[in-house]
>>> print(open('model_25.cif').read())   # mmCIF, C-alpha atoms and all ligand atoms
data_protein
#
loop_
_atom_site.label_atom_id
_atom_site.label_comp_id
_atom_site.auth_asym_id
_atom_site.auth_seq_id
_atom_site.Cartn_x
_atom_site.Cartn_y
_atom_site.Cartn_z
CA MET A 220 24.49 -15.28 -9.82
CA SER A 221 24.40 -18.34 -12.09
CA SER A 222 21.53 -18.57 -14.55
CA ASP A 223 20.46 -21.89 -13.00
CA PHE A 224 20.18 -20.34 -9.61
CA ARG A 225 18.33 -17.37 -11.09
CA LYS A 226 15.90 -19.75 -12.80
CA PHE A 227 15.44 -21.67 -9.59
CA LEU A 228 14.78 -18.47 -7.69
CA ARG A 229 12.29 -17.26 -10.24
CA LYS A 230 10.41 -20.54 -9.92
CA GLU A 231 10.51 -20.34 -6.13
CA GLU A 232 9.24 -16.78 -6.24
CA GLN A 233 6.47 -17.75 -8.60
CA ARG A 234 5.40 -20.64 -6.41
CA LYS A 235 5.49 -18.64 -3.19
CA PHE A 236 3.97 -15.50 -4.62
CA GLU A 237 1.31 -17.19 -6.70
CA ARG A 238 -1.49 -16.27 -4.35
CA LEU A 239 -0.36 -12.69 -4.15
CA GLU A 240 -3.07 -10.16 -4.89
CA LYS A 241 -2.78 -9.40 -8.55
CA ASP A 242 -4.11 -5.89 -8.75
CA ALA A 243 -2.09 -3.35 -10.65
CA GLU A 244 -1.39 -1.25 -7.53
CA THR A 245 0.34 -4.11 -5.74
CA TYR A 246 2.48 -4.83 -8.76
CA LYS A 247 3.49 -1.23 -9.20
CA ILE A 248 4.58 -1.14 -5.57
CA MET A 249 6.30 -4.50 -5.86
CA GLU A 250 8.42 -3.31 -8.73
CA ARG A 251 9.74 -0.46 -6.66
CA VAL A 252 10.27 -2.41 -3.43
CA PHE A 253 11.27 -5.91 -4.43
CA ASP A 254 14.70 -5.59 -5.93
CA THR A 255 16.73 -8.80 -6.21
CA SER A 256 18.39 -8.31 -2.84
CA THR A 257 15.03 -7.90 -1.08
CA LEU A 258 13.62 -10.94 -2.87
CA LEU A 259 16.60 -12.97 -1.70
CA VAL A 260 16.01 -11.87 1.89
CA LEU A 261 12.34 -12.89 1.65
CA TYR A 262 13.37 -16.18 0.12
CA ARG A 263 15.82 -16.85 2.98
CA MET A 264 13.13 -15.92 5.49
CA MET A 265 10.82 -18.44 3.83
CA ASN A 266 13.55 -21.06 4.11
CA ARG A 267 14.12 -20.42 7.80
CA GLY A 268 10.40 -20.51 8.57
CA THR A 269 9.82 -16.86 9.46
CA ILE A 270 7.28 -16.54 6.67
CA ASP A 271 5.55 -19.06 4.50
CA LEU A 272 3.19 -17.19 2.22
CA PHE A 273 3.59 -13.60 1.24
CA GLN A 274 0.32 -11.72 0.81
CA GLY A 275 -0.79 -8.19 0.00
CA VAL A 276 0.30 -4.73 0.96
CA VAL A 277 -1.06 -3.27 4.18
CA SER A 278 0.40 0.23 4.06
CA THR A 279 2.65 2.27 1.80
CA GLY A 280 4.75 4.87 3.59
CA LYS A 281 7.43 7.36 2.64
CA GLU A 282 10.34 5.18 3.76
CA ALA A 283 8.79 1.75 4.12
CA HIS A 284 5.92 -0.45 3.02
CA VAL A 285 4.18 -2.89 5.33
CA TYR A 286 2.90 -6.24 4.01
CA ARG A 287 1.09 -9.12 5.57
CA ALA A 288 2.29 -12.67 5.32
CA LEU A 289 1.49 -16.00 6.95
CA ASP A 290 3.99 -17.95 9.00
CA PRO A 291 4.21 -21.77 8.66
CA GLU A 292 1.62 -22.13 11.48
CA GLY A 293 -0.84 -19.97 9.57
CA ARG A 294 -0.49 -16.91 11.81
CA TYR A 295 -0.32 -13.47 10.26
CA VAL A 296 2.94 -11.56 10.53
CA ALA A 297 3.68 -7.98 9.48
CA VAL A 298 6.62 -7.50 7.09
CA LYS A 299 8.02 -3.97 7.01
CA ILE A 300 10.28 -3.42 4.03
CA TYR A 301 12.37 -0.27 3.88
CA ARG A 302 12.97 1.07 0.41
CA VAL A 303 16.64 1.22 -0.40
CA ALA A 304 16.65 3.19 -3.67
CA THR A 305 14.27 5.98 -2.69
CA SER A 306 14.56 6.42 1.07
CA ASP A 307 15.91 9.59 2.65
CA PHE A 308 19.07 7.87 3.82
CA LYS A 309 20.88 11.13 4.57
CA ASN A 310 18.30 11.95 7.19
CA MET A 311 18.51 8.37 8.49
CA TYR A 312 22.29 8.75 8.72
CA ARG A 313 21.96 11.92 10.78
CA TYR A 314 19.83 10.06 13.31
CA LEU A 315 22.04 6.97 13.36
CA ALA A 316 25.19 9.01 13.89
CA CYS A 317 23.75 10.14 17.28
CA ASP A 318 23.02 6.57 18.38
CA PRO A 319 25.94 4.98 20.24
CA ARG A 320 24.81 1.54 19.03
CA PHE A 321 25.47 2.54 15.40
CA LYS A 322 28.49 4.75 15.76
CA GLY A 323 30.60 3.31 12.98
CA VAL A 324 27.82 3.02 10.42
CA HIS A 325 29.01 3.35 6.85
CA LYS A 326 27.63 6.41 5.06
CA GLU A 327 26.48 4.45 2.07
CA ARG A 328 22.80 4.26 1.14
CA ARG A 329 22.40 0.49 1.49
CA HIS A 330 24.32 0.28 4.78
CA VAL A 331 22.36 3.14 6.28
CA VAL A 332 18.99 1.58 5.39
CA HIS A 333 20.09 -1.79 6.77
CA ALA A 334 21.26 -0.19 10.02
CA TRP A 335 17.98 1.69 10.18
CA THR A 336 16.00 -1.56 9.90
CA SER A 337 18.18 -3.23 12.50
CA ARG A 338 17.68 -0.27 14.83
CA GLU A 339 13.90 -0.56 14.64
CA PHE A 340 14.17 -4.31 15.31
CA LYS A 341 16.39 -3.75 18.37
CA ASN A 342 14.15 -0.99 19.69
CA LEU A 343 11.07 -3.20 19.37
CA GLN A 344 12.87 -6.05 21.09
CA ARG A 345 13.96 -3.87 24.00
CA ALA A 346 10.49 -2.41 24.38
CA TYR A 347 8.85 -5.84 24.26
CA GLU A 348 11.23 -7.28 26.84
CA ALA A 349 10.43 -4.36 29.15
CA GLY A 350 6.73 -5.25 28.91
CA VAL A 351 5.72 -2.31 26.73
CA SER A 352 2.70 -2.91 24.49
CA VAL A 353 4.41 -3.29 21.08
CA PRO A 354 4.41 -5.93 18.31
CA ARG A 355 6.90 -8.71 19.06
CA ALA A 356 9.91 -8.45 16.74
CA LEU A 357 10.40 -11.82 15.01
CA ASP A 358 13.19 -11.52 12.46
CA HIS A 359 15.17 -9.01 10.45
CA GLU A 360 17.70 -9.03 7.67
CA LYS A 361 18.97 -6.16 5.55
CA ASN A 362 15.98 -3.88 4.81
CA VAL A 363 13.28 -6.34 5.95
CA LEU A 364 11.74 -6.47 9.43
CA VAL A 365 9.18 -9.10 10.45
CA MET A 366 6.98 -8.64 13.50
CA GLU A 367 3.83 -9.87 15.14
CA PHE A 368 0.70 -8.79 13.27
CA ILE A 369 -1.48 -6.45 15.31
CA GLY A 370 -4.89 -7.06 13.77
CA GLU A 371 -7.48 -9.63 12.86
CA GLY A 372 -7.85 -11.71 9.70
CA GLY A 373 -4.91 -9.92 8.13
CA VAL A 374 -6.42 -6.48 8.67
CA PRO A 375 -4.53 -4.21 11.07
CA TYR A 376 -6.39 -2.74 14.02
CA PRO A 377 -7.24 0.90 13.36
CA ARG A 378 -4.81 3.67 14.12
CA MET A 379 -5.92 5.96 16.93
CA LYS A 380 -5.98 8.66 14.24
CA ASP A 381 -8.67 6.79 12.26
CA ILE A 382 -11.01 5.69 15.05
CA PRO A 383 -10.80 7.58 18.35
CA PRO A 384 -10.96 5.36 21.45
CA GLU A 385 -14.31 4.65 23.07
CA ASN A 386 -12.81 5.21 26.50
CA PRO A 387 -10.23 7.96 25.86
CA LYS A 388 -9.35 8.51 29.53
CA LYS A 389 -8.43 4.85 30.01
CA VAL A 390 -6.41 4.77 26.78
CA PHE A 391 -4.59 7.96 27.75
CA GLU A 392 -3.62 6.51 31.14
CA ASN A 393 -2.56 3.25 29.51
CA LEU A 394 -0.35 5.17 27.06
CA VAL A 395 1.31 7.18 29.83
CA GLU A 396 2.08 3.92 31.66
CA ASN A 397 3.60 2.47 28.50
CA ILE A 398 5.69 5.56 27.82
CA SER A 399 6.94 5.44 31.38
CA LEU A 400 7.80 1.74 31.13
CA LEU A 401 9.56 2.42 27.84
CA TYR A 402 11.59 5.18 29.47
CA LYS A 403 12.41 3.51 32.78
CA GLU A 404 12.73 -0.16 31.84
CA ALA A 405 13.73 -0.09 28.17
CA ASN A 406 15.67 3.20 28.35
CA LEU A 407 14.00 4.41 25.19
CA VAL A 408 11.99 7.38 24.01
CA HIS A 409 9.72 6.66 21.05
CA SER A 410 10.32 10.09 19.43
CA ASP A 411 7.56 9.77 16.82
CA LEU A 412 4.59 9.15 19.05
CA SER A 413 1.23 10.45 17.91
CA GLU A 414 -2.22 9.13 17.05
CA TYR A 415 -0.66 7.86 13.77
CA ASN A 416 1.61 5.38 15.53
CA VAL A 417 -0.82 3.85 18.01
CA LEU A 418 -3.10 0.94 17.03
CA LEU A 419 -6.17 0.24 19.17
CA THR A 420 -7.07 -3.35 19.94
CA PRO A 421 -8.93 -1.49 21.77
CA ASP A 422 -5.99 -1.29 24.21
CA PRO A 423 -3.22 0.80 22.67
CA VAL A 424 -0.25 -0.82 20.92
CA LEU A 425 2.72 1.40 20.05
CA ILE A 426 4.22 0.90 16.59
CA ASP A 427 6.85 2.46 14.31
CA PHE A 428 10.01 2.43 16.44
CA SER A 429 12.45 3.54 13.76
CA LEU A 430 13.05 6.89 15.46
CA ALA A 431 13.20 5.63 19.04
CA ILE A 432 16.34 6.80 20.85
CA ASP A 433 18.28 5.67 23.88
CA THR A 434 17.69 7.74 26.99
CA ALA A 435 21.44 8.38 27.12
CA SER A 436 21.12 10.53 24.00
CA PRO A 437 21.33 14.30 24.50
CA MET A 438 18.04 14.83 22.64
CA THR A 439 16.00 12.57 24.96
CA GLU A 440 14.12 15.19 26.92
CA GLU A 441 13.23 17.25 23.86
CA PHE A 442 11.78 14.20 22.08
CA LEU A 443 9.96 12.95 25.16
CA ILE A 444 8.31 16.35 25.61
CA ARG A 445 7.28 16.35 21.95
CA ASP A 446 5.73 12.85 22.29
CA LEU A 447 3.84 13.91 25.40
CA ARG A 448 2.68 17.13 23.77
CA ASN A 449 1.30 15.23 20.75
CA LEU A 450 -0.66 12.95 23.07
CA THR A 451 -1.99 15.65 25.37
CA ASN A 452 -3.13 17.71 22.36
CA TYR A 453 -4.91 14.69 20.91
CA PHE A 454 -6.67 13.68 24.14
CA ARG A 455 -7.54 17.23 25.08
CA ARG A 456 -9.43 17.50 21.78
CA LEU A 457 -11.42 14.43 22.87
CA GLY A 458 -12.38 16.19 26.09
CA VAL A 459 -10.04 14.31 28.46
CA LYS A 460 -8.72 16.38 31.36
CA VAL A 461 -5.00 15.81 30.96
CA PRO A 462 -2.16 17.07 33.17
CA ASN A 463 0.19 19.62 31.64
CA VAL A 464 3.29 18.34 29.88
CA GLY A 465 5.64 19.32 32.73
CA GLU A 466 3.70 17.24 35.24
CA LEU A 467 3.46 14.33 32.83
CA LEU A 468 7.17 14.45 32.16
CA GLU A 469 7.88 13.98 35.85
CA GLU A 470 5.35 11.17 36.06
CA VAL A 471 6.87 9.36 33.09
CA LYS A 472 10.43 9.74 34.33
CA GLY A 473 9.39 8.59 37.77
CA GLU A 474 10.87 11.53 39.61
CA ARG A 475 7.82 11.72 41.82
CA ALA A 476 7.52 8.95 44.34
N1 LIG A 501 2.87 -5.00 13.47
C1 LIG A 501 1.90 -4.56 12.70
N2 LIG A 501 0.74 -5.22 12.59
C2 LIG A 501 -0.26 -4.79 11.79
N3 LIG A 501 -0.18 -3.66 11.05
C3 LIG A 501 0.95 -2.95 11.12
C4 LIG A 501 2.05 -3.34 11.94
N4 LIG A 501 3.03 -2.44 11.79
C5 LIG A 501 2.57 -1.51 10.94
N5 LIG A 501 1.32 -1.81 10.51
C6 LIG A 501 0.47 -1.05 9.58
O1 LIG A 501 1.28 -0.30 8.71
C7 LIG A 501 1.12 1.10 8.93
C8 LIG A 501 2.46 1.81 8.80
O2 LIG A 501 3.37 1.30 9.75
P1 LIG A 501 4.51 2.20 10.40
O3 LIG A 501 3.89 3.35 11.12
O4 LIG A 501 5.40 1.30 11.16
O5 LIG A 501 5.29 2.68 9.14
P2 LIG A 501 5.44 4.09 8.41
O6 LIG A 501 4.94 5.20 9.27
O7 LIG A 501 4.92 3.96 7.05
O8 LIG A 501 6.93 4.05 8.26
P3 LIG A 501 8.08 5.03 8.69
O9 LIG A 501 7.45 6.19 9.47
O10 LIG A 501 8.97 4.18 9.53
O11 LIG A 501 8.64 5.45 7.39
C9 LIG A 501 0.46 1.20 10.29
O12 LIG A 501 -0.32 2.36 10.42
C10 LIG A 501 -0.38 -0.06 10.36
O13 LIG A 501 -1.60 0.11 9.68
MG MG A 502 4.12 5.42 11.19
#
>>> encode(input="model_25.cif", output="structure tokens")
Amino acid sequence: MSSDFRKFLRKEEQRKFERLEKDAETYKIMERVFDTSTLLVLYRMMNRGTIDLFQGVVSTGKEAHVYRALDPEGRYVAVKIYRVATSDFKNMYRYLACDPRFKGVHKERRHVVHAWTSREFKNLQRAYEAGVSVPRALDHEKNVLVMEFIGEGGVPYPRMKDIPPENPKKVFENLVENISLLYKEANLVHSDLSEYNVLLTPDPVLIDFSLAIDTASPMTEEFLIRDLRNLTNYFRRLGVKVPNVGELLEEVKGERA
């Protein structure tokens, strides 16, 4: 990279990031997440109008951090950035190797994390097109995924884990419908579904599709049962009379007319 270009970039970054929250926590996280390659991706996304102003951190996870940004129309978008240097890419690789869409993926840290990001984008897209309640996927490049922001005023709606639904029976039924739609129309199983990955608007929105697998995969049934078990356990604790997992499985797969 020429020093002129580097200088130009630094100036661009400064201009675009100048309203970024300046607390020490954000900066500590930034140092770990925003390597030059990630900054370049964000810069390109700014140039192509996916994002305009990058704001603060929304959530810090084991593999990824989620940020909020504004698009050129002033709407919030969620920016999920996978960490390249410190993510468990070997585990990611194991999952990807079972996915026919990523058969030839290179077993190198950077490639694996990029494929992982692209997989979550594609899963979200497929789910959205099938009419499942998920954030709309807007853009992705390398380790950065941009999607519709599920929240208000830049604050995400609460996870079902944080604030239980006011009408749990209705939310449970809504979730079963969404899981069924995901299975039958999008040919996907979420595989990491629990009260941690559902936001309540108060209608449920499913998030975190990095582990979602194609229904052609040999592990489908096992993962679907696990998702359903997590949900039934959660709603049973709230006093909802839920069917057993076997019955639900048939309902979701549509084997009962
Ligand atoms: N589209 C979105 N809109 C608003 N907030 C979001 C969105 N996606 C994620 N978030 C916020 O970020 C948090 C973490 O997101 P997510 O569950 O996708 O990542 P994670 O569990 O940290 O990552 P992973 O399990 O993939 O390593 C969510 O609980 C939610 O608060
Ligand atoms: Mg999650």
>>> residues_around(input="model_25.cif", residues="segment 259-265 of chain A", least_positions_apart="4", cutoff="8 Å", atoms="all atoms listed in the file", output="PyMOL selection string")
chain A and resi 232+255+269-272+360-361+363
>>> closest_residue(input="model_25.cif", among="A:Ile444, A:Ile300, A:Ala349, A:Cys317", to="His333 of chain A", atoms="only C-alpha atoms")
A:Ile300
>>> residues_near_point(input="model_25.cif", point="(-3.1, 15.2, 29.2)", cutoff="9 Å", atoms="all atoms listed in the file", output="list in words")
Phe391, Glu392, Leu447, Arg448, Leu450, Thr451, Asn452, Tyr453, Phe454, Arg455, Val459, Lys460, Val461, Pro462, Asn463, Val464 and Leu467 of chain A
>>> residues_around(input="model_25.cif", residues="Ala334 of chain A", least_positions_apart="4", cutoff="12 Å", atoms="all atoms listed in the file", output="PyMOL selection string")
chain A and resi 301+303+308+311-312+314-316+318+320-330+338-341+359-364+429
>>> write_last_selection(input="model_25.cif", atoms="C-alpha atoms", output="mmCIF file, keeping the file's coordinate frame")
data_model
loop_
_atom_site.group_PDB
_atom_site.id
_atom_site.type_symbol
_atom_site.label_atom_id
_atom_site.label_comp_id
_atom_site.auth_asym_id
_atom_site.auth_seq_id
_atom_site.Cartn_x
_atom_site.Cartn_y
_atom_site.Cartn_z
ATOM 1 C CA TYR A 301 12.370 -0.270 3.880
ATOM 2 C CA VAL A 303 16.640 1.220 -0.400
ATOM 3 C CA PHE A 308 19.070 7.870 3.820
ATOM 4 C CA MET A 311 18.510 8.370 8.490
ATOM 5 C CA TYR A 312 22.290 8.750 8.720
ATOM 6 C CA TYR A 314 19.830 10.060 13.310
ATOM 7 C CA LEU A 315 22.040 6.970 13.360
ATOM 8 C CA ALA A 316 25.190 9.010 13.890
ATOM 9 C CA ASP A 318 23.020 6.570 18.380
ATOM 10 C CA ARG A 320 24.810 1.540 19.030
ATOM 11 C CA PHE A 321 25.470 2.540 15.400
ATOM 12 C CA LYS A 322 28.490 4.750 15.760
ATOM 13 C CA GLY A 323 30.600 3.310 12.980
ATOM 14 C CA VAL A 324 27.820 3.020 10.420
ATOM 15 C CA HIS A 325 29.010 3.350 6.850
ATOM 16 C CA LYS A 326 27.630 6.410 5.060
ATOM 17 C CA GLU A 327 26.480 4.450 2.070
ATOM 18 C CA ARG A 328 22.800 4.260 1.140
ATOM 19 C CA ARG A 329 22.400 0.490 1.490
ATOM 20 C CA HIS A 330 24.320 0.280 4.780
ATOM 21 C CA ARG A 338 17.680 -0.270 14.830
ATOM 22 C CA GLU A 339 13.900 -0.560 14.640
ATOM 23 C CA PHE A 340 14.170 -4.310 15.310
ATOM 24 C CA LYS A 341 16.390 -3.750 18.370
ATOM 25 C CA HIS A 359 15.170 -9.010 10.450
ATOM 26 C CA GLU A 360 17.700 -9.030 7.670
ATOM 27 C CA LYS A 361 18.970 -6.160 5.550
ATOM 28 C CA ASN A 362 15.980 -3.880 4.810
ATOM 29 C CA VAL A 363 13.280 -6.340 5.950
ATOM 30 C CA LEU A 364 11.740 -6.470 9.430
ATOM 31 C CA SER A 429 12.450 3.540 13.760
#
>>> atom_distance(input="model_25.cif", atom1="atom CA of Pro437 of chain A", atom2="atom CA of Ala346 of chain A")
19.9 Å
>>> residues_around(input="model_25.cif", residues="Val417 of chain A", least_positions_apart="3", cutoff="9 Å", atoms="all atoms listed in the file", output="number ranges by chain")
A: 377-380, 412-414, 423-427
>>> write_last_selection(input="model_25.cif", atoms="C-alpha atoms", output="mmCIF file, in the coordinates of the input")
data_model
loop_
_atom_site.group_PDB
_atom_site.id
_atom_site.type_symbol
_atom_site.label_atom_id
_atom_site.label_comp_id
_atom_site.auth_asym_id
_atom_site.auth_seq_id
_atom_site.Cartn_x
_atom_site.Cartn_y
_atom_site.Cartn_z
ATOM 1 C CA PRO A 377 -7.240 0.900 13.360
ATOM 2 C CA ARG A 378 -4.810 3.670 14.120
ATOM 3 C CA MET A 379 -5.920 5.960 16.930
ATOM 4 C CA LYS A 380 -5.980 8.660 14.240
ATOM 5 C CA LEU A 412 4.590 9.150 19.050
ATOM 6 C CA SER A 413 1.230 10.450 17.910
ATOM 7 C CA GLU A 414 -2.220 9.130 17.050
ATOM 8 C CA PRO A 423 -3.220 0.800 22.670
ATOM 9 C CA VAL A 424 -0.250 -0.820 20.920
ATOM 10 C CA LEU A 425 2.720 1.400 20.050
ATOM 11 C CA ILE A 426 4.220 0.900 16.590
ATOM 12 C CA ASP A 427 6.850 2.460 14.310
#
>>> atom_distance(input="model_25.cif", atom1="atom CA of Glu348 of chain A", atom2="atom CA of Ile432 of chain A")
16.1 Å
>>> atom_distance(input="model_25.cif", atom1="atom CA of Ile398 of chain A", atom2="atom CA of Lys309 of chain A")
28.3 Å
>>> residues_near_ligand(input="model_25.cif", ligand="ligand LIG 501 (chain A)", cutoff="8 Å", atoms="all atoms listed in the file", output="PyMOL selection string")
chain A and resi 277-287+296-299+301+353-355+366-370+373-378+415-418+426-430
